[in-house]
Each structure stands twice: as C-alpha cells, then as structure tokens.
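Peer 1: target_8.pdb (PDB, C-alpha atoms, pLDDT in the B column) pasted underneath:
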```pdb
ATOM      1  CA  MET J   1      23.966 162.413 136.315  1.00 48.00           C
ATOM      2  CA  SER J   2      23.878 166.024 137.407  1.00 53.00           C
ATOM      3  CA  ARG J   3      20.812 168.225 136.945  1.00 55.00           C
ATOM      4  CA  CYS J   4      22.685 170.237 134.295  1.00 53.00           C
ATOM      5  CA  SER J   5      23.667 167.063 132.397  1.00 55.00           C
ATOM      6  CA  ASP J   6      20.004 166.110 132.427  1.00 56.00           C
ATOM      7  CA  LEU J   7      19.159 169.548 131.012  1.00 54.00           C
ATOM      8  CA  VAL J   8      21.712 169.060 128.237  1.00 54.00           C
ATOM      9  CA  ARG J   9      20.151 165.708 127.377  1.00 56.00           C
ATOM     10  CA  VAL J  10      16.601 167.195 127.417  1.00 53.00           C
ATOM     11  CA  LEU J  11      17.614 170.135 125.245  1.00 53.00           C
ATOM     12  CA  ALA J  12      19.490 167.916 122.811  1.00 51.00           C
ATOM     13  CA  VAL J  13      16.546 165.548 122.456  1.00 50.00           C
ATOM     14  CA  ALA J  14      14.014 168.394 122.223  1.00 50.00           C
ATOM     15  CA  LEU J  15      15.942 170.091 119.457  1.00 49.00           C
ATOM     16  CA  GLY J  16      16.820 166.884 117.641  1.00 49.00           C
ATOM     17  CA  LEU J  17      20.518 167.535 118.160  1.00 47.00           C
ATOM     18  CA  ALA J  18      23.406 165.158 118.208  1.00 45.00           C
ATOM     19  CA  VAL J  19      25.637 166.023 121.128  1.00 45.00           C
ATOM     20  CA  THR J  20      29.397 165.746 121.418  1.00 44.00           C
ATOM     21  CA  TRP J  21      31.211 166.551 124.647  1.00 42.00           C
ATOM     22  CA  PRO J  22      34.319 168.750 124.950  1.00 43.00           C
ATOM     23  CA  ALA J  23      37.584 166.965 125.627  1.00 39.00           C
ATOM     24  CA  ILE J  24      38.674 169.693 128.034  1.00 39.00           C
ATOM     25  CA  ALA J  25      36.449 170.800 130.905  1.00 41.00           C
ATOM     26  CA  HIS J  26      35.506 174.471 131.049  1.00 42.00           C
ATOM     27  CA  ALA J  27      37.350 176.694 133.505  1.00 43.00           C
ATOM     28  CA  GLU J  28      34.175 177.076 135.548  1.00 46.00           C
ATOM     29  CA  THR J  29      34.010 173.304 136.107  1.00 42.00           C
ATOM     30  CA  ILE J  30      35.862 172.165 139.226  1.00 46.00           C
ATOM     31  CA  ALA J  31      36.410 168.558 138.128  1.00 48.00           C
ATOM     32  CA  PRO J  32      36.345 167.025 134.647  1.00 50.00           C
ATOM     33  CA  THR J  33      32.936 165.757 133.640  1.00 52.00           C
ATOM     34  CA  PRO J  34      32.820 162.004 133.006  1.00 56.00           C
ATOM     35  CA  LEU J  35      32.022 161.065 129.431  1.00 52.00           C
ATOM     36  CA  PRO J  36      28.646 159.474 128.761  1.00 52.00           C
ATOM     37  CA  ALA J  37      28.488 155.848 127.677  1.00 53.00           C
ATOM     38  CA  PRO J  38      29.324 155.565 123.953  1.00 51.00           C
ATOM     39  CA  ASP J  39      25.864 154.303 123.051  1.00 50.00           C
ATOM     40  CA  GLU J  40      24.079 157.237 124.774  1.00 48.00           C
ATOM     41  CA  TYR J  41      24.840 159.792 122.063  1.00 44.00           C
ATOM     42  CA  ARG J  42      25.536 159.711 118.380  1.00 44.00           C
ATOM     43  CA  THR J  43      28.082 162.198 117.080  1.00 44.00           C
ATOM     44  CA  VAL J  44      27.831 164.378 114.015  1.00 40.00           C
ATOM     45  CA  PRO J  45      30.785 165.799 112.090  1.00 39.00           C
ATOM     46  CA  LEU J  46      30.754 169.562 112.379  1.00 37.00           C
ATOM     47  CA  ALA J  47      31.615 171.763 109.432  1.00 39.00           C
ATOM     48  CA  GLU J  48      31.969 174.890 111.533  1.00 37.00           C
ATOM     49  CA  ARG J  49      32.764 175.677 115.167  1.00 33.00           C
ATOM     50  CA  SER J  50      31.474 178.969 116.490  1.00 36.00           C
ATOM     51  CA  PHE J  51      32.407 178.566 120.157  1.00 35.00           C
ATOM     52  CA  PRO J  52      36.007 177.703 121.128  1.00 38.00           C
ATOM     53  CA  MET J  53      36.385 174.357 122.952  1.00 36.00           C
ATOM     54  CA  THR J  54      32.614 173.876 122.863  1.00 40.00           C
ATOM     55  CA  PRO J  55      30.954 171.592 120.327  1.00 43.00           C
ATOM     56  CA  VAL J  56      28.393 173.191 118.067  1.00 43.00           C
ATOM     57  CA  THR J  57      25.593 171.453 116.238  1.00 47.00           C
ATOM     58  CA  GLN J  58      22.900 172.782 113.964  1.00 45.00           C
ATOM     59  CA  ASP J  59      19.352 171.619 114.386  1.00 51.00           C
ATOM     60  CA  LEU J  60      17.688 169.934 111.451  1.00 37.00           C
ATOM     61  CA  ALA J  61      15.334 172.810 110.678  1.00 49.00           C
ATOM     62  CA  GLY J  62      18.172 175.307 110.233  1.00 56.00           C
ATOM     63  CA  VAL J  63      16.590 177.751 112.686  1.00 58.00           C
ATOM     64  CA  ALA J  64      19.119 177.570 115.511  1.00 64.00           C
ATOM     65  CA  ARG J  65      22.644 176.548 116.470  1.00 62.00           C
ATOM     66  CA  SER J  66      23.291 175.145 119.893  1.00 65.00           C
ATOM     67  CA  ALA J  67      26.397 174.672 122.021  1.00 61.00           C
ATOM     68  CA  VAL J  68      26.134 172.553 125.131  1.00 60.00           C
ATOM     69  CA  ALA J  69      28.446 171.896 128.037  1.00 61.00           C
ATOM     70  CA  PRO J  70      27.846 170.634 131.573  1.00 56.00           C
ATOM     71  CA  SER J  71      26.987 174.007 133.139  1.00 71.00           C
ATOM     72  CA  ARG J  72      25.938 176.072 130.143  1.00 77.00           C
ATOM     73  CA  ILE J  73      23.841 176.086 127.021  1.00 76.00           C
ATOM     74  CA  ASP J  74      24.108 178.573 124.179  1.00 82.00           C
ATOM     75  CA  VAL J  75      21.581 178.763 121.375  1.00 87.00           C
ATOM     76  CA  ARG J  76      22.032 181.027 118.365  1.00 89.00           C
ATOM     77  CA  ILE J  77      18.831 181.729 116.455  1.00 89.00           C
ATOM     78  CA  ASP J  78      19.238 182.753 112.822  1.00 90.00           C
ATOM     79  CA  ALA J  79      17.288 186.022 112.547  1.00 90.00           C
ATOM     80  CA  ASN J  80      16.959 185.522 108.776  1.00 88.00           C
ATOM     81  CA  VAL J  81      14.873 182.395 109.416  1.00 88.00           C
ATOM     82  CA  ALA J  82      13.113 183.531 112.594  1.00 92.00           C
ATOM     83  CA  PHE J  83      12.130 187.052 111.481  1.00 93.00           C
ATOM     84  CA  ALA J  84      11.155 188.833 108.272  1.00 90.00           C
ATOM     85  CA  LYS J  85      13.441 191.629 107.083  1.00 89.00           C
ATOM     86  CA  ASP J  86      13.338 194.624 109.422  1.00 93.00           C
ATOM     87  CA  SER J  87      10.731 192.935 111.644  1.00 95.00           C
ATOM     88  CA  ALA J  88      10.536 191.686 115.235  1.00 96.00           C
ATOM     89  CA  LYS J  89       7.565 189.380 114.556  1.00 96.00           C
ATOM     90  CA  ILE J  90       8.599 185.738 114.889  1.00 94.00           C
ATOM     91  CA  ARG J  91       7.833 183.587 111.838  1.00 92.00           C
ATOM     92  CA  PRO J  92       5.705 180.444 112.371  1.00 90.00           C
ATOM     93  CA  GLN J  93       8.548 178.006 111.549  1.00 87.00           C
ATOM     94  CA  ALA J  94      10.619 179.443 114.417  1.00 89.00           C
ATOM     95  CA  HIS J  95       7.840 179.005 117.010  1.00 89.00           C
ATOM     96  CA  THR J  96       8.237 175.221 116.980  1.00 86.00           C
ATOM     97  CA  ARG J  97      11.921 175.383 117.888  1.00 86.00           C
ATOM     98  CA  LEU J  98      11.356 178.125 120.460  1.00 90.00           C
ATOM     99  CA  SER J  99       8.705 175.944 122.126  1.00 89.00           C
ATOM    100  CA  GLU J 100      11.224 173.103 122.357  1.00 86.00           C
ATOM    101  CA  ILE J 101      13.826 175.442 123.854  1.00 87.00           C
ATOM    102  CA  ALA J 102      11.195 176.708 126.329  1.00 89.00           C
ATOM    103  CA  ARG J 103      10.421 173.148 127.482  1.00 86.00           C
ATOM    104  CA  ALA J 104      14.120 172.492 128.072  1.00 82.00           C
ATOM    105  CA  LEU J 105      14.584 175.739 130.010  1.00 85.00           C
ATOM    106  CA  ALA J 106      11.468 175.067 132.098  1.00 86.00           C
ATOM    107  CA  SER J 107      13.010 171.800 133.295  1.00 82.00           C
ATOM    108  CA  ALA J 108      16.398 173.383 134.036  1.00 83.00           C
ATOM    109  CA  SER J 109      17.600 174.203 137.501  1.00 85.00           C
ATOM    110  CA  PRO J 110      17.431 177.939 138.246  1.00 89.00           C
ATOM    111  CA  GLY J 111      20.092 179.895 136.440  1.00 92.00           C
ATOM    112  CA  LYS J 112      20.925 183.042 134.542  1.00 94.00           C
ATOM    113  CA  ILE J 113      19.574 183.491 131.046  1.00 94.00           C
ATOM    114  CA  THR J 114      20.620 186.218 128.637  1.00 95.00           C
ATOM    115  CA  ILE J 115      18.712 186.875 125.436  1.00 96.00           C
ATOM    116  CA  THR J 116      20.659 189.173 123.133  1.00 96.00           C
ATOM    117  CA  GLY J 117      19.643 190.461 119.715  1.00 97.00           C
ATOM    118  CA  HIS J 118      22.183 191.408 117.029  1.00 96.00           C
ATOM    119  CA  THR J 119      21.882 193.038 113.594  1.00 96.00           C
ATOM    120  CA  ASP J 120      24.163 193.841 110.677  1.00 95.00           C
ATOM    121  CA  ASP J 121      25.567 197.250 109.716  1.00 95.00           C
ATOM    122  CA  LEU J 122      22.803 198.239 107.263  1.00 95.00           C
ATOM    123  CA  GLY J 123      20.731 201.231 108.329  1.00 94.00           C
ATOM    124  CA  SER J 124      21.479 203.494 111.236  1.00 96.00           C
ATOM    125  CA  ALA J 125      23.183 202.173 114.352  1.00 96.00           C
ATOM    126  CA  GLU J 126      20.253 203.422 116.446  1.00 97.00           C
ATOM    127  CA  HIS J 127      17.717 201.538 114.308  1.00 97.00           C
ATOM    128  CA  GLY J 128      19.819 198.347 114.548  1.00 96.00           C
ATOM    129  CA  THR J 129      19.986 198.620 118.338  1.00 97.00           C
ATOM    130  CA  VAL J 130      16.214 199.128 118.628  1.00 97.00           C
ATOM    131  CA  LEU J 131      15.418 196.262 116.215  1.00 97.00           C
ATOM    132  CA  SER J 132      17.830 193.873 117.933  1.00 97.00           C
ATOM    133  CA  ARG J 133      16.256 194.659 121.329  1.00 98.00           C
ATOM    134  CA  GLN J 134      12.745 194.153 119.898  1.00 97.00           C
ATOM    135  CA  ARG J 135      13.763 190.768 118.482  1.00 97.00           C
ATOM    136  CA  ALA J 136      15.280 189.693 121.797  1.00 97.00           C
ATOM    137  CA  GLU J 137      12.071 190.758 123.591  1.00 97.00           C
ATOM    138  CA  ALA J 138       9.999 188.785 121.043  1.00 96.00           C
ATOM    139  CA  VAL J 139      12.049 185.662 121.809  1.00 95.00           C
ATOM    140  CA  ARG J 140      11.614 186.277 125.542  1.00 95.00           C
ATOM    141  CA  THR J 141       7.848 186.548 125.056  1.00 95.00           C
ATOM    142  CA  ALA J 142       7.814 183.357 122.955  1.00 93.00           C
ATOM    143  CA  LEU J 143       9.666 181.468 125.700  1.00 93.00           C
ATOM    144  CA  GLY J 144       6.935 182.581 128.122  1.00 90.00           C
ATOM    145  CA  THR J 145       6.628 181.048 131.573  1.00 89.00           C
ATOM    146  CA  ALA J 146       9.616 178.754 130.958  1.00 87.00           C
ATOM    147  CA  LEU J 147      11.746 181.664 132.137  1.00 90.00           C
ATOM    148  CA  ASP J 148       9.928 182.230 135.449  1.00 91.00           C
ATOM    149  CA  ARG J 149      12.504 180.337 137.581  1.00 89.00           C
ATOM    150  CA  HIS J 150      15.473 182.090 136.026  1.00 93.00           C
ATOM    151  CA  ASP J 151      17.190 185.457 136.269  1.00 94.00           C
ATOM    152  CA  VAL J 152      16.569 186.778 132.741  1.00 95.00           C
ATOM    153  CA  ARG J 153      18.339 189.675 131.016  1.00 96.00           C
ATOM    154  CA  VAL J 154      17.390 190.986 127.571  1.00 97.00           C
ATOM    155  CA  ALA J 155      19.619 193.216 125.451  1.00 97.00           C
ATOM    156  CA  GLY J 156      19.910 194.602 121.961  1.00 97.00           C
ATOM    157  CA  ARG J 157      23.461 195.027 120.690  1.00 97.00           C
ATOM    158  CA  GLY J 158      22.673 196.193 117.157  1.00 96.00           C
ATOM    159  CA  GLU J 159      25.769 195.975 114.973  1.00 96.00           C
ATOM    160  CA  ASP J 160      28.252 196.266 117.887  1.00 96.00           C
ATOM    161  CA  GLN J 161      29.182 192.564 118.214  1.00 94.00           C
ATOM    162  CA  PRO J 162      29.361 191.000 114.747  1.00 94.00           C
ATOM    163  CA  LEU J 163      30.378 187.369 114.327  1.00 92.00           C
ATOM    164  CA  VAL J 164      32.168 188.252 111.097  1.00 93.00           C
ATOM    165  CA  GLU J 165      33.042 191.442 109.237  1.00 93.00           C
ATOM    166  CA  ASN J 166      30.009 192.958 107.455  1.00 93.00           C
ATOM    167  CA  ARG J 167      31.516 192.907 103.951  1.00 93.00           C
ATOM    168  CA  ASP J 168      28.729 191.297 101.859  1.00 95.00           C
ATOM    169  CA  GLU J 169      25.178 189.940 102.184  1.00 94.00           C
ATOM    170  CA  ALA J 170      26.347 186.475 103.268  1.00 92.00           C
ATOM    171  CA  SER J 171      28.407 187.896 106.131  1.00 92.00           C
ATOM    172  CA  ARG J 172      25.640 190.315 107.123  1.00 94.00           C
ATOM    173  CA  ALA J 173      23.197 187.396 107.243  1.00 92.00           C
ATOM    174  CA  ARG J 174      25.470 185.601 109.758  1.00 91.00           C
ATOM    175  CA  ASN J 175      25.481 188.683 111.992  1.00 93.00           C
ATOM    176  CA  ARG J 176      21.674 188.918 112.181  1.00 94.00           C
ATOM    177  CA  ARG J 177      20.843 186.673 115.124  1.00 94.00           C
ATOM    178  CA  VAL J 178      19.365 186.312 118.610  1.00 95.00           C
ATOM    179  CA  GLU J 179      21.456 184.443 121.176  1.00 94.00           C
ATOM    180  CA  ILE J 180      20.107 182.690 124.252  1.00 93.00           C
ATOM    181  CA  GLY J 181      22.630 181.860 126.951  1.00 91.00           C
ATOM    182  CA  TYR J 182      21.853 179.719 130.018  1.00 91.00           C
ATOM    183  CA  ARG J 183      24.278 179.361 132.921  1.00 91.00           C
ATOM    184  CA  ALA J 184      23.475 177.180 135.903  1.00 88.00           C
ATOM    185  CA  THR J 185      23.802 178.985 139.230  1.00 86.00           C
TER
END
```
Mind turning the file's structure into structure tokens?

Peer 2:
Amino acid sequence: MSRCSDLVRVLAVALGLAVTWPAIAHAETIAPTPLPAPDEYRTVPLAERSFPMTPVTQDLAGVARSAVAPSRIDVRIDANVAFAKDSAKIRPQAHTRLSEIARALASASPGKITITGHTDDLGSAEHGTVLSRQRAEAVRTALGTALDRHDVRVAGRGEDQPLVENRDEASRARNRRVEIGYRAT
C-alpha cells in the first residue's frame, strides 16, 4: 500500500467513515489504483455527491463531509454545526472531529493543505470575507502541530464560491462551511 492509501485508511477509521473508491482514477494519478480487498472496507449508499468522480461520505456526527482518493483528501466542515451564528469560535462538538482530522494529517506524508472558509450572502460581502477567514484560521489553530510538516494556506472566500444558490435558509446553510484540502506532494 502507498503512504497516501495508508493516510486514506487512517482518516477513514479516525472519522468513522465508510470508504468507497472511484471507478476511474484521477487525472493526477499515473496508473489506476488497485482496488482494496472486498473485506477491507464496507460501503455506504450515498444520498448526495458533492465532488464529481469522487465518493463522498458523511461522518456519523454530522459535523463534516469527507471525500477521499489515493492522492487527495477533502473535508467539508459544516459551519452551522462547528460555529455559532456570526462567530469564529469552534463549538465543543466540532473539536472531537477536528482532533481526529489532525491525527490523520499528522501521519500523512508532507503535502499541501488549504483551509478555506465560506459564508452565505447575508450581511455585507466584506463582513462575510472577514468571518470566513476567521473561521478558517480557527480550524487551522485547532489542527495545531499536525500541520507542521505541510505547506498550509488559509483563505476566506466569503460568499464568492457558494455550493448552491443562496435562495433560502436551507441553501444558505449549505454554503456556510470550512473546507480542508490535502494533496500529497
């Protein structure tokens, strides 16, 4: 198994995720990744796919979504669960999952990590950009020394990159998030 495959397994176990593997290798992969033995992973039917050609699972606590592939990991943290309204202070229930993510990243081979905060379209664009950056910084702080071996970038995008159109409270709630992206180098 490759170091990145081991990271995927560690992250999946740490987050209590069921992992499925993409049928088509990513463009950045030179050769197709062999499938794990059928008894190594249990699969979970997915109601929603947020990343094209990448399986998505939701952890049991409802705090984060994760997409895994051989050379990348993407975690989407629901800001409605992780933070109070208009706040960058992480709620206690989110700290447990962030600690598990930190352990997985600490065991990963060096890579590039981006932590990006996003908000909805309520309030001024400037306020949304500042709040999203503060939330991304709070996640970076919570991940602590797990990030020491990695090239880490933090950004706040405010309302500029919504997942869905901001037409009602349910759609706005989906747009409030912090995303962590890991790419092996």

Peer 1: Around (26.1, 199.3, 107.7), as given in the file, which residues come within 12 Å? Count all atoms listed in the file and list them as a list in words.

Peer 2: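 Residues found, by chain and rising number: Thr119, Asp120, Asp121, Leu122, Gly123, Ser124, Ala125, Glu126, His127, Gly128, Gly158, Glu159, Asp160, Pro162, Glu165, Asn166, Arg167, Asp168, Glu169, Ser171, Arg172 and Asn175 of chain J.
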
Peer 1: Would you put the residues from that selection into a file with C-alpha atoms, as a PDB file, in the coordinates of the input?

Peer 2:
```pdb
ATOM      1  CA  THR J 119      21.882 193.038 113.594  1.00 96.00           C
ATOM      2  CA  ASP J 120      24.163 193.841 110.677  1.00 95.00           C
ATOM      3  CA  ASP J 121      25.567 197.250 109.716  1.00 95.00           C
ATOM      4  CA  LEU J 122      22.803 198.239 107.263  1.00 95.00           C
ATOM      5  CA  GLY J 123      20.731 201.231 108.329  1.00 94.00           C
ATOM      6  CA  SER J 124      21.479 203.494 111.236  1.00 96.00           C
ATOM      7  CA  ALA J 125      23.183 202.173 114.352  1.00 96.00           C
ATOM      8  CA  GLU J 126      20.253 203.422 116.446  1.00 97.00           C
ATOM      9  CA  HIS J 127      17.717 201.538 114.308  1.00 97.00           C
ATOM     10  CA  GLY J 128      19.819 198.347 114.548  1.00 96.00           C
ATOM     11  CA  GLY J 158      22.673 196.193 117.157  1.00 96.00           C
ATOM     12  CA  GLU J 159      25.769 195.975 114.973  1.00 96.00           C
ATOM     13  CA  ASP J 160      28.252 196.266 117.887  1.00 96.00           C
ATOM     14  CA  PRO J 162      29.361 191.000 114.747  1.00 94.00           C
ATOM     15  CA  GLU J 165      33.042 191.442 109.237  1.00 93.00           C
ATOM     16  CA  ASN J 166      30.009 192.958 107.455  1.00 93.00           C
ATOM     17  CA  ARG J 167      31.516 192.907 103.951  1.00 93.00           C
ATOM     18  CA  ASP J 168      28.729 191.297 101.859  1.00 95.00           C
ATOM     19  CA  GLU J 169      25.178 189.940 102.184  1.00 94.00           C
ATOM     20  CA  SER J 171      28.407 187.896 106.131  1.00 92.00           C
ATOM     21  CA  ARG J 172      25.640 190.315 107.123  1.00 94.00           C
ATOM     22  CA  ASN J 175      25.481 188.683 111.992  1.00 93.00           C
TER      23      ASN J 175
END
```

Peer 1: Of the candidates J:Leu98, J:Ala104, J:Ile73, J:Ala82, which one gets nearest to J:Gly181 if we count only C-alpha atoms?

Peer 2: J:Ile73

Peer 1: Could you give me, as a list in words, the residues within 10 Å of J:Ile90, counting only C-alpha atoms and dropping anything in the same chain fewer than 4 positions from it?

Peer 2: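 The residues that qualify are Ala79, Val81, Ala82, Phe83, Ala84, Ala94, His95, Leu98, Arg135, Ala138, Val139 and Ala142 of chain J.
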
Peer 1: Please indicate the distance in Å from atom CA of J:Val152 to atom CA of J:Asp86, rounded to one decimal place.

Peer 2: 24.8 Å

Peer 1: Using 5 Å of padding on each side, determine the axis-aligned box around all atoms of stretch 160-173 of chain J present in the file and give its centre and edge lengths in Å to one decimal, as JSON.

Peer 2:
```
{"center_x": 28.1, "center_y": 191.4, "center_z": 110.0, "size_x": 19.8, "size_y": 19.8, "size_z": 26.4}
```
